[in-house]
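structure-v5.cif follows; it contains mmCIF, C-alpha atoms and all ligand atoms.
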```cif
data_start
#
loop_
_atom_site.label_atom_id
_atom_site.label_comp_id
_atom_site.auth_asym_id
_atom_site.auth_seq_id
_atom_site.Cartn_x
_atom_site.Cartn_y
_atom_site.Cartn_z
CA MET A 164 123.98 138.48 82.87
CA ALA A 165 123.64 134.71 83.18
CA ALA A 166 122.20 133.59 86.52
CA THR A 167 122.80 130.49 88.63
CA VAL A 168 119.70 129.57 90.58
CA GLU A 169 118.89 126.97 93.24
CA THR A 170 115.21 126.32 93.74
CA ASP A 171 112.71 123.60 94.62
CA VAL A 172 110.70 123.59 91.41
CA ALA A 173 111.74 124.89 88.00
CA ILE A 174 108.74 125.86 85.88
CA ILE A 175 109.19 126.10 82.11
CA GLY A 176 106.61 128.55 80.81
CA ALA A 177 105.04 131.63 82.42
CA GLY A 178 101.65 131.23 80.76
CA PRO A 179 98.49 131.22 82.92
CA VAL A 180 99.05 127.61 83.96
CA GLY A 181 102.74 128.06 84.84
CA LEU A 182 101.80 131.11 86.94
CA PHE A 183 99.12 129.21 88.84
CA ALA A 184 101.63 126.41 89.47
CA VAL A 185 103.72 128.96 91.40
CA PHE A 186 100.73 129.51 93.69
CA GLU A 187 100.00 125.81 94.14
CA CYS A 188 103.65 124.99 94.85
CA GLY A 189 103.90 127.99 97.16
CA MET A 190 100.94 126.79 99.20
CA LEU A 191 102.97 123.62 99.84
CA ARG A 192 106.06 125.69 100.83
CA MET A 193 107.94 125.00 97.62
CA ARG A 194 109.98 127.79 95.98
CA CYS A 195 109.77 128.26 92.22
CA ALA A 196 111.85 129.74 89.41
CA VAL A 197 109.90 130.37 86.21
CA VAL A 198 111.58 130.63 82.81
CA ASP A 199 109.92 131.94 79.65
CA ALA A 200 111.15 132.60 76.14
CA LEU A 201 108.90 135.66 75.90
CA ASP A 202 109.87 138.98 77.50
CA ALA A 203 106.62 139.13 79.45
CA ILE A 204 104.66 136.69 81.58
CA GLY A 205 101.25 135.43 80.42
CA GLY A 206 101.97 133.05 77.53
CA GLN A 207 99.25 133.04 74.87
CA CYS A 208 97.05 135.40 76.91
CA THR A 209 99.66 138.16 76.77
CA ALA A 210 101.15 137.41 73.38
CA LEU A 211 98.02 136.68 71.38
CA TYR A 212 94.87 138.12 72.89
CA PRO A 213 95.47 140.45 75.86
CA GLU A 214 92.31 142.49 75.26
CA LYS A 215 90.00 139.62 74.36
CA PRO A 216 87.53 138.62 77.06
CA ILE A 217 87.59 135.06 78.40
CA TYR A 218 84.21 133.75 79.53
CA ASP A 219 85.03 130.37 81.07
CA ILE A 220 87.18 131.22 84.07
CA PRO A 221 85.13 130.17 87.12
CA ALA A 222 83.70 133.10 89.11
CA HIS A 223 84.64 135.58 86.33
CA PRO A 224 81.64 135.97 83.98
CA ALA A 225 84.07 137.82 81.70
CA ILE A 226 87.69 138.77 82.17
CA ASP A 227 90.19 140.19 79.65
CA ALA A 228 93.20 137.92 79.17
CA ALA A 229 95.61 140.64 80.36
CA ALA A 230 93.56 141.17 83.53
CA LEU A 231 93.59 137.43 84.25
CA ILE A 232 97.38 137.37 83.98
CA GLU A 233 97.68 140.40 86.25
CA LYS A 234 95.56 138.61 88.88
CA LEU A 235 97.53 135.37 88.56
CA GLU A 236 100.77 137.32 89.03
CA ARG A 237 99.32 138.92 92.16
CA GLN A 238 98.15 135.54 93.46
CA ALA A 239 101.66 134.11 92.97
CA ALA A 240 103.50 137.17 94.35
CA PRO A 241 103.43 136.21 98.08
CA PHE A 242 105.56 133.18 97.15
CA THR A 243 108.26 135.42 95.60
CA PRO A 244 108.90 133.43 92.43
CA LEU A 245 112.03 134.20 90.45
CA TYR A 246 111.11 135.07 86.86
CA LEU A 247 113.76 134.54 84.21
CA LEU A 248 112.21 136.02 81.06
CA GLY A 249 113.40 136.41 77.48
CA ARG A 250 115.29 133.09 77.54
CA ARG A 251 114.45 129.63 76.33
CA VAL A 252 115.20 126.49 78.31
CA GLU A 253 117.45 124.51 75.96
CA ARG A 254 118.78 121.67 78.12
CA LEU A 255 117.52 119.42 80.90
CA THR A 256 119.73 116.90 82.68
CA GLU A 257 119.31 114.90 85.87
CA ALA A 258 121.87 113.57 88.36
CA ASP A 259 121.28 112.18 91.87
CA GLY A 260 117.67 113.36 91.98
CA GLU A 261 118.57 116.94 91.06
CA PHE A 262 117.69 118.55 87.72
CA THR A 263 119.82 121.09 85.92
CA LEU A 264 118.28 123.35 83.30
CA GLY A 265 120.33 125.43 80.89
CA THR A 266 118.89 128.47 79.07
CA SER A 267 119.66 130.28 75.83
CA GLN A 268 121.17 133.11 77.96
CA GLY A 269 123.58 130.76 79.70
CA ASP A 270 121.63 130.55 82.99
CA THR A 271 121.82 127.43 85.13
CA ILE A 272 118.83 126.44 87.25
CA ARG A 273 119.04 123.56 89.73
CA ALA A 274 115.79 122.11 91.06
CA ARG A 275 114.35 119.04 92.77
CA ALA A 276 111.50 118.84 90.26
CA VAL A 277 110.53 120.34 86.92
CA ILE A 278 107.12 121.43 85.70
CA VAL A 279 106.84 121.78 81.93
CA ALA A 280 104.06 124.35 81.34
CA ALA A 281 105.25 125.16 77.85
CA GLY A 282 101.93 125.47 76.00
CA ALA A 283 102.54 124.94 72.32
CA GLY A 284 106.27 125.36 72.86
CA ALA A 285 108.33 128.53 72.71
CA PHE A 286 105.88 129.60 70.08
CA GLY A 287 106.05 132.06 67.26
CA PRO A 288 103.58 133.20 64.63
CA ASN A 289 103.33 131.62 61.20
CA ARG A 290 104.76 134.34 58.98
CA PRO A 291 103.63 135.06 55.42
CA PRO A 292 106.41 134.38 52.91
CA LEU A 293 106.82 138.02 51.78
CA GLU A 294 109.96 139.82 50.65
CA LYS A 295 111.49 142.44 52.99
CA LEU A 296 109.16 141.26 55.80
CA ALA A 297 111.80 141.65 58.54
CA GLY A 298 112.13 145.45 58.09
CA TYR A 299 108.37 145.95 58.35
CA GLU A 300 108.18 143.63 61.35
CA ALA A 301 110.93 145.60 63.10
CA SER A 302 109.07 148.90 62.59
CA GLY A 303 105.79 147.41 63.83
CA ALA A 304 104.09 147.93 60.44
CA VAL A 305 103.56 144.17 60.17
CA ARG A 306 102.32 142.45 63.31
CA TYR A 307 100.93 139.14 64.47
CA MET A 308 99.16 140.31 67.60
CA VAL A 309 97.46 143.42 68.95
CA ALA A 310 98.61 144.66 72.33
CA ARG A 311 96.68 147.96 72.34
CA ARG A 312 93.89 148.49 69.82
CA GLU A 313 94.12 152.30 70.20
CA GLU A 314 97.46 152.21 68.36
CA PHE A 315 95.47 151.57 65.18
CA ALA A 316 93.09 154.52 65.56
CA GLY A 317 92.77 156.36 62.24
CA LYS A 318 95.08 153.88 60.47
CA ARG A 319 94.56 151.82 57.31
CA VAL A 320 94.80 148.22 58.48
CA VAL A 321 94.88 145.09 56.33
CA ILE A 322 93.93 142.00 58.32
CA ALA A 323 94.84 138.62 56.82
CA GLY A 324 93.54 135.24 57.95
CA GLY A 325 90.30 133.31 58.19
CA GLY A 326 90.10 132.19 61.82
CA ASP A 327 88.78 133.65 65.07
CA SER A 328 91.68 136.04 65.70
CA ALA A 329 91.45 137.65 62.25
CA VAL A 330 87.66 138.00 62.37
CA ASP A 331 87.53 139.19 66.00
CA TRP A 332 90.17 141.87 65.39
CA ALA A 333 88.47 143.03 62.19
CA LEU A 334 85.24 143.48 64.17
CA SER A 335 87.06 145.15 67.05
CA LEU A 336 89.09 147.60 64.92
CA LYS A 337 86.41 148.54 62.39
CA GLY A 338 85.12 151.34 64.63
CA ILE A 339 88.49 153.11 64.89
CA ALA A 340 90.44 152.09 61.77
CA ARG A 341 89.89 151.56 58.03
CA VAL A 342 89.91 147.78 57.84
CA THR A 343 90.41 145.55 54.79
CA MET A 344 89.95 141.84 55.40
CA VAL A 345 91.95 139.42 53.26
CA HIS A 346 91.23 135.69 53.12
CA ARG A 347 92.02 133.16 50.44
CA ARG A 348 88.74 131.29 50.82
CA PRO A 349 85.18 132.63 50.68
CA LYS A 350 84.31 130.85 53.96
CA PHE A 351 85.73 131.92 57.32
CA ARG A 352 86.69 129.40 60.01
CA ALA A 353 85.63 131.72 62.84
CA ALA A 354 82.79 131.07 65.30
CA PRO A 355 79.50 131.21 63.33
CA ASP A 356 78.26 134.25 65.24
CA SER A 357 81.49 136.19 64.55
CA ALA A 358 81.47 135.18 60.88
CA ALA A 359 77.86 136.41 60.60
CA ARG A 360 78.76 139.73 62.25
CA LEU A 361 81.65 140.12 59.81
CA GLU A 362 79.30 139.58 56.87
CA GLN A 363 76.88 142.18 58.25
CA ALA A 364 79.69 144.70 58.84
CA ALA A 365 80.94 144.16 55.28
CA ALA A 366 77.40 144.62 53.88
CA ARG A 367 77.17 147.94 55.78
CA GLY A 368 80.50 149.02 54.26
CA GLU A 369 82.28 149.08 57.63
CA ILE A 370 84.87 146.54 56.51
CA GLU A 371 86.23 146.12 53.00
CA MET A 372 86.43 142.47 51.97
CA ALA A 373 89.22 141.17 49.71
CA VAL A 374 88.06 137.58 49.34
CA PRO A 375 89.31 135.26 47.88
CA TYR A 376 92.74 136.92 47.82
CA GLN A 377 96.11 136.09 49.32
CA LEU A 378 99.08 138.22 50.29
CA ARG A 379 101.61 138.76 47.51
CA GLY A 380 103.89 141.64 48.63
CA LEU A 381 104.50 144.72 50.72
CA GLU A 382 104.98 148.27 49.39
CA GLY A 383 106.83 151.00 51.22
CA ASP A 384 110.34 152.17 52.07
CA GLY A 385 111.33 148.93 53.78
CA SER A 386 110.19 150.19 57.18
CA ARG A 387 107.07 152.34 56.66
CA LEU A 388 104.31 150.49 54.88
CA SER A 389 102.25 152.20 52.17
CA GLY A 390 100.37 149.27 50.67
CA VAL A 391 99.78 145.54 50.66
CA VAL A 392 99.79 143.72 47.32
CA LEU A 393 97.12 141.04 47.00
CA ALA A 394 96.69 138.34 44.38
CA THR A 395 93.81 136.09 43.36
CA LEU A 396 94.51 132.38 42.98
CA LYS A 397 94.73 133.07 39.22
CA GLY A 398 97.51 135.62 39.85
CA GLU A 399 95.57 138.87 39.22
CA THR A 400 96.97 141.52 41.57
CA ARG A 401 95.74 144.67 43.26
CA THR A 402 97.27 146.94 45.92
CA VAL A 403 95.41 148.02 49.04
CA PRO A 404 96.76 151.21 50.68
CA ALA A 405 97.80 150.32 54.22
CA ASP A 406 99.75 151.52 57.26
CA HIS A 407 99.64 148.11 58.95
CA LEU A 408 99.32 144.47 58.06
CA LEU A 409 97.99 142.22 60.82
CA ALA A 410 98.56 138.61 59.81
CA PHE A 411 96.74 135.91 61.79
CA PHE A 412 97.91 132.62 60.33
CA GLY A 413 98.12 130.76 63.62
CA LEU A 414 101.07 129.63 65.66
CA SER A 415 103.84 127.28 64.79
CA MET A 416 103.41 124.38 67.21
CA GLU A 417 107.08 123.53 67.65
CA LEU A 418 107.97 122.06 71.02
CA GLY A 419 111.58 122.98 70.27
CA PRO A 420 114.23 121.57 72.61
CA ILE A 421 111.63 119.92 74.90
CA ALA A 422 110.98 117.34 72.18
CA HIS A 423 114.57 116.06 72.58
CA TRP A 424 114.70 115.46 76.33
CA GLY A 425 113.44 111.87 76.16
CA LEU A 426 109.94 112.68 77.43
CA GLY A 427 107.16 110.44 76.09
CA LEU A 428 105.44 112.43 73.36
CA ASP A 429 102.04 112.26 71.73
CA HIS A 430 101.79 114.40 68.56
CA SER A 431 104.03 117.24 69.84
CA HIS A 432 102.52 117.09 73.33
CA VAL A 433 103.98 115.53 76.46
CA SER A 434 102.15 112.39 77.61
CA VAL A 435 101.30 112.44 81.32
CA GLU A 436 99.65 110.23 83.88
CA PRO A 437 96.41 112.19 84.42
CA SER A 438 96.05 112.01 88.21
CA THR A 439 99.53 113.47 88.90
CA CYS A 440 100.71 114.93 85.56
CA ARG A 441 103.91 112.82 85.89
CA THR A 442 105.79 112.37 82.62
CA SER A 443 107.91 109.40 81.58
CA ILE A 444 110.88 110.98 83.43
CA PRO A 445 110.45 110.74 87.23
CA GLY A 446 110.54 114.24 88.73
CA VAL A 447 109.40 115.94 85.53
CA PHE A 448 105.73 116.94 85.28
CA ALA A 449 103.77 118.52 82.43
CA ILE A 450 100.64 120.68 82.77
CA GLY A 451 98.51 123.02 80.66
CA ASP A 452 98.29 122.95 76.88
CA VAL A 453 101.48 120.92 76.50
CA ALA A 454 100.15 117.96 78.52
CA ALA A 455 98.33 115.10 76.77
CA TYR A 456 96.10 112.40 78.25
CA PRO A 457 92.73 110.88 77.33
CA GLY A 458 89.97 113.47 77.79
CA LYS A 459 92.34 116.43 77.90
CA LEU A 460 90.71 119.81 77.18
CA LYS A 461 93.03 122.66 76.22
CA LEU A 462 91.39 125.10 78.58
CA ILE A 463 92.95 127.34 81.19
CA LEU A 464 90.67 125.99 83.91
CA GLN A 465 91.81 122.44 83.27
CA GLY A 466 95.45 123.58 83.43
CA PHE A 467 94.76 125.15 86.84
CA SER A 468 93.58 121.82 88.19
CA GLU A 469 96.62 120.06 86.71
CA ALA A 470 98.86 122.58 88.50
CA ALA A 471 97.32 121.57 91.83
CA MET A 472 97.72 117.85 91.12
CA ALA A 473 101.34 118.25 90.02
CA ALA A 474 102.23 120.34 93.10
CA HIS A 475 100.88 117.63 95.42
CA ALA A 476 102.78 114.94 93.49
CA ILE A 477 106.00 116.98 93.72
CA HIS A 478 105.79 117.63 97.47
CA PRO A 479 107.38 114.28 98.51
CA LEU A 480 110.31 114.94 96.15
CA VAL A 481 111.08 118.25 97.83
CA PHE A 482 110.24 117.13 101.39
CA PRO A 483 111.00 113.38 101.45
CA GLY A 484 109.41 111.55 104.36
CA GLU A 485 107.29 114.53 105.39
CA ALA A 486 103.56 113.77 105.54
CA LEU A 487 101.37 116.07 103.47
CA HIS A 488 97.99 116.61 105.08
CA PHE A 489 95.46 118.03 102.69
CA GLU A 490 94.28 121.47 103.75
CA TYR A 491 92.11 124.16 102.21
CA SER A 492 93.66 127.55 101.40
CA THR A 493 91.29 129.16 103.91
CA THR A 494 92.74 126.95 106.66
CA LYS A 495 96.38 127.41 105.72
CA GLY A 496 96.49 131.06 104.63
CA VAL A 497 99.27 132.24 102.32
CA GLN A 498 102.81 132.00 103.69
CA ALA A 499 105.92 132.68 101.62
CA PRO A 500 108.40 129.79 101.50
CA GLY A 501 111.33 132.16 100.75
CA ALA A 502 112.58 133.13 97.32
CA ALA A 503 114.59 130.95 94.96
CA SER A 504 118.23 131.88 95.56
CA GLY A 505 120.06 133.26 92.55
P1 LIG A 601 100.84 129.08 77.17
O1 LIG A 601 99.88 130.16 77.48
O2 LIG A 601 100.99 128.67 75.75
O3 LIG A 601 102.26 129.50 77.75
C1 LIG A 601 103.36 128.68 77.54
C2 LIG A 601 104.62 129.51 77.70
O4 LIG A 601 105.75 128.63 77.69
C3 LIG A 601 104.84 130.50 76.57
O5 LIG A 601 104.94 131.80 77.09
C4 LIG A 601 106.15 130.04 75.90
O6 LIG A 601 106.97 131.11 75.49
C5 LIG A 601 106.82 129.28 77.06
N1 LIG A 601 107.79 128.28 76.61
C6 LIG A 601 107.58 127.21 75.80
N2 LIG A 601 108.71 126.50 75.64
C7 LIG A 601 109.66 127.15 76.35
C8 LIG A 601 111.04 126.92 76.57
N3 LIG A 601 111.70 125.88 76.02
N4 LIG A 601 111.73 127.81 77.33
C9 LIG A 601 111.08 128.88 77.88
N5 LIG A 601 109.79 129.13 77.71
C10 LIG A 601 109.08 128.28 76.95
N6 LIG A 601 91.39 129.15 76.82
C11 LIG A 601 90.33 129.19 77.67
O7 LIG A 601 90.30 128.45 78.66
N7 LIG A 601 89.31 130.06 77.43
C12 LIG A 601 89.29 130.93 76.36
O8 LIG A 601 88.34 131.69 76.17
C13 LIG A 601 90.41 130.91 75.47
N8 LIG A 601 90.48 131.76 74.41
C14 LIG A 601 91.55 131.70 73.59
C15 LIG A 601 91.62 132.61 72.50
C16 LIG A 601 92.70 132.58 71.65
C17 LIG A 601 92.77 133.55 70.49
C18 LIG A 601 93.75 131.63 71.87
C19 LIG A 601 94.95 131.59 70.94
C20 LIG A 601 93.70 130.75 72.93
C21 LIG A 601 92.60 130.77 73.79
N9 LIG A 601 92.51 129.90 74.89
C22 LIG A 601 91.46 129.96 75.75
C23 LIG A 601 93.56 128.89 75.15
C24 LIG A 601 94.45 129.34 76.31
O9 LIG A 601 95.07 130.58 76.00
C25 LIG A 601 95.48 128.26 76.54
O10 LIG A 601 94.81 127.08 76.94
C26 LIG A 601 96.44 128.70 77.67
O11 LIG A 601 97.18 129.85 77.29
C27 LIG A 601 97.41 127.57 78.00
O12 LIG A 601 98.23 128.02 79.03
P2 LIG A 601 99.67 127.40 79.27
O13 LIG A 601 100.21 128.13 80.45
O14 LIG A 601 99.57 125.91 79.30
O15 LIG A 601 100.51 127.72 77.95
#
```

Would it be possible to restate this file's structure as structure tokens?
Ligand code: FAD
Amino acid sequence: MAATVETDVAIIGAGPVGLFAVFECGMLRMRCAVVDALDAIGGQCTALYPEKPIYDIPAHPAIDAAALIEKLERQAAPFTPLYLLGRRVERLTEADGEFTLGTSQGDTIRARAVIVAAGAGAFGPNRPPLEKLAGYEASGAVRYMVARREEFAGKRVVIAGGGDSAVDWALSLKGIARVTMVHRRPKFRAAPDSAARLEQAAARGEIEMAVPYQLRGLEGDGSRLSGVVLATLKGETRTVPADHLLAFFGLSMELGPIAHWGLGLDHSHVSVEPSTCRTSIPGVFAIGDVAAYPGKLKLILQGFSEAAMAAHAIHPLVFPGEALHFEYSTTKGVQAPGAASG
């Protein structure tokens, strides 16, 4: 059912940076509603690499992406954010200092400020142009991410792609599944160490290499896959028996509706003033992967810092005339500002 929500800050995107923005806003007594096109929180971490370790989160020598999201959710929980998942923010309008957001499910969210934490946009995978793909996607035979590697135990898995995701998953699944790696170029674009480990695994016969080949077709009953048809650049074909095709051809980097809201853009990213993350529209802020400024690094840790800067810049919009004295979290403690009212 469509919701009508009044809140202080509307956050577009429940990726790691959007989640941390809930915490930072909450520490300044601002309520948040968070909207995401995906059915689950966590953005790229949940959708693309939940079981992959991340090594550059301060104070975590290694943490799986899913575990990081679980901790961020827990850190935000005392501030009782309202999550509106499985819906895309389509519209943004402003009148008398109040923003109104409209979603694909017909929800209306009213807020004093907006944080765009939309990553690469309401993203989706780049799909291979194969006939009858939709039926195999619906059954889970063709996938673009791995949520639980155990699902592939004992299965015949064709992995297509030449980047880090393809190589990392081939290395991860080789111990439990029969893996064939398909790439249309002899050279892989993965980290040199991973590419070297792939070569060694192939030499030991742990991974079958189909290189240089590209995907040509899918064989099966339209739902259950029995094989993947491959072709050389000259058009010679062969079929590899398979239960699953995992295709890692990257993400489509479409900002979607956000590109049409009049925000200053820089190559599909939102330009911001770096010390506050203000955009060209007063009251609208952008943080995380979507934000662009000189020296920007697309790293989660940098997005965390942007969340803190944006929250402080938003405070006077929500509490006009109220002085904000900087305090450490240890001094303030964690106090809920009350939930967004829906
Ligand atoms: P995202 O995680 O992209 O989340 C944005 C969310 O916004 C998405 O859920 C999307 O659905 C939603 N959204 C977009 N538009 C709309 C809309 N109109 N309406 C509703 N929802 C919308 N970073 C590191 O720091 N360390 C690493 O080791 C690391 N490893 C990585 C490994 C891989 C394989 C990949 C792909 C990325 C890696 N990254 C790493 C990058 C890291 O994941 C990103 O920097 C991070 O996810 C950015 O967070 P975010 O919250 O800005 O955006």

Nearest-residue call for ligand LIG 601 (chain A), choices A:Glu436, A:Glu371, A:Glu469, A:Asp406, using only C-alpha atoms and all ligand atoms: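 Of A:Glu436, A:Glu371, A:Glu469, A:Asp406, the one nearest ligand LIG 601 (chain A) is A:Glu469, counting only C-alpha atoms and all ligand atoms.
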
Tell me, counting all atoms listed in the file, for each residue of region 388-492 of chain A within 12 Å of region 300-319 of chain A, which pair of atoms is nearest and how far apart they are in Å to one decimal, in rows ordered by chain and increasing number, as CSV.
```
residue,atom,partner,partner_atom,distance
A:Leu388,CA,A:Ala304,CA,6.1
A:Ser389,CA,A:Arg319,CA,9.3
A:Gly390,CA,A:Arg319,CA,9.2
A:Val391,CA,A:Val305,CA,10.3
A:Val403,CA,A:Arg319,CA,9.1
A:Pro404,CA,A:Arg319,CA,7.0
A:Ala405,CA,A:Arg319,CA,4.7
A:Asp406,CA,A:Arg319,CA,5.2
A:His407,CA,A:Ala304,CA,4.7
A:Leu408,CA,A:Val305,CA,4.7
A:Leu409,CA,A:Arg306,CA,5.0
A:Ala410,CA,A:Tyr307,CA,5.3
A:Phe411,CA,A:Tyr307,CA,5.9
A:Phe412,CA,A:Tyr307,CA,8.3
A:Gly413,CA,A:Tyr307,CA,8.9
A:Leu414,CA,A:Tyr307,CA,9.6
```

Would you write out those residues with C-alpha atoms, as a PDB file, in the coordinates of the input?
```pdb
ATOM      1  CA  LEU A 388     104.310 150.490  54.880  1.00  0.00           C
ATOM      2  CA  SER A 389     102.250 152.200  52.170  1.00  0.00           C
ATOM      3  CA  GLY A 390     100.370 149.270  50.670  1.00  0.00           C
ATOM      4  CA  VAL A 391      99.780 145.540  50.660  1.00  0.00           C
ATOM      5  CA  VAL A 403      95.410 148.020  49.040  1.00  0.00           C
ATOM      6  CA  PRO A 404      96.760 151.210  50.680  1.00  0.00           C
ATOM      7  CA  ALA A 405      97.800 150.320  54.220  1.00  0.00           C
ATOM      8  CA  ASP A 406      99.750 151.520  57.260  1.00  0.00           C
ATOM      9  CA  HIS A 407      99.640 148.110  58.950  1.00  0.00           C
ATOM     10  CA  LEU A 408      99.320 144.470  58.060  1.00  0.00           C
ATOM     11  CA  LEU A 409      97.990 142.220  60.820  1.00  0.00           C
ATOM     12  CA  ALA A 410      98.560 138.610  59.810  1.00  0.00           C
ATOM     13  CA  PHE A 411      96.740 135.910  61.790  1.00  0.00           C
ATOM     14  CA  PHE A 412      97.910 132.620  60.330  1.00  0.00           C
ATOM     15  CA  GLY A 413      98.120 130.760  63.620  1.00  0.00           C
ATOM     16  CA  LEU A 414     101.070 129.630  65.660  1.00  0.00           C
TER      17      LEU A 414
END
```

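Between CA of Ala394 (chain A) and CA of Glu362 (chain A) the separation is 21.4 Å.
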
Nearest-residue call for ligand LIG 601 (chain A), choices A:Pro216, A:Gly496, A:Pro244, A:Gly206, using only C-alpha atoms and all ligand atoms: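 Going through A:Pro216, A:Gly496, A:Pro244, A:Gly206 one by one, the smallest distance to ligand LIG 601 (chain A) is for A:Gly206.
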
Please find the residues contacting ligand LIG 601 (chain A) at a distance of at most 6 Å between atoms, with only C-alpha atoms and all ligand atoms counted, and report them as a PyMOL selection string. chain A and resi 175-181+198-201+206-208+211-212+217-219+250-253+280-286+328+451-452+461-464

Using only C-alpha atoms, find the one residue out of A:Ala323, A:Val277, A:Cys440, A:Ala196 that sits nearest to Lys459 (chain A). A:Cys440

Do you have the CA of Glu187 (chain A)-CA of Pro221 (chain A) distance handy?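 Interatomic distance here is 17.0 Å.
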
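Between CA of Ser443 (chain A) and CA of Ala471 (chain A) the separation is 19.1 Å.
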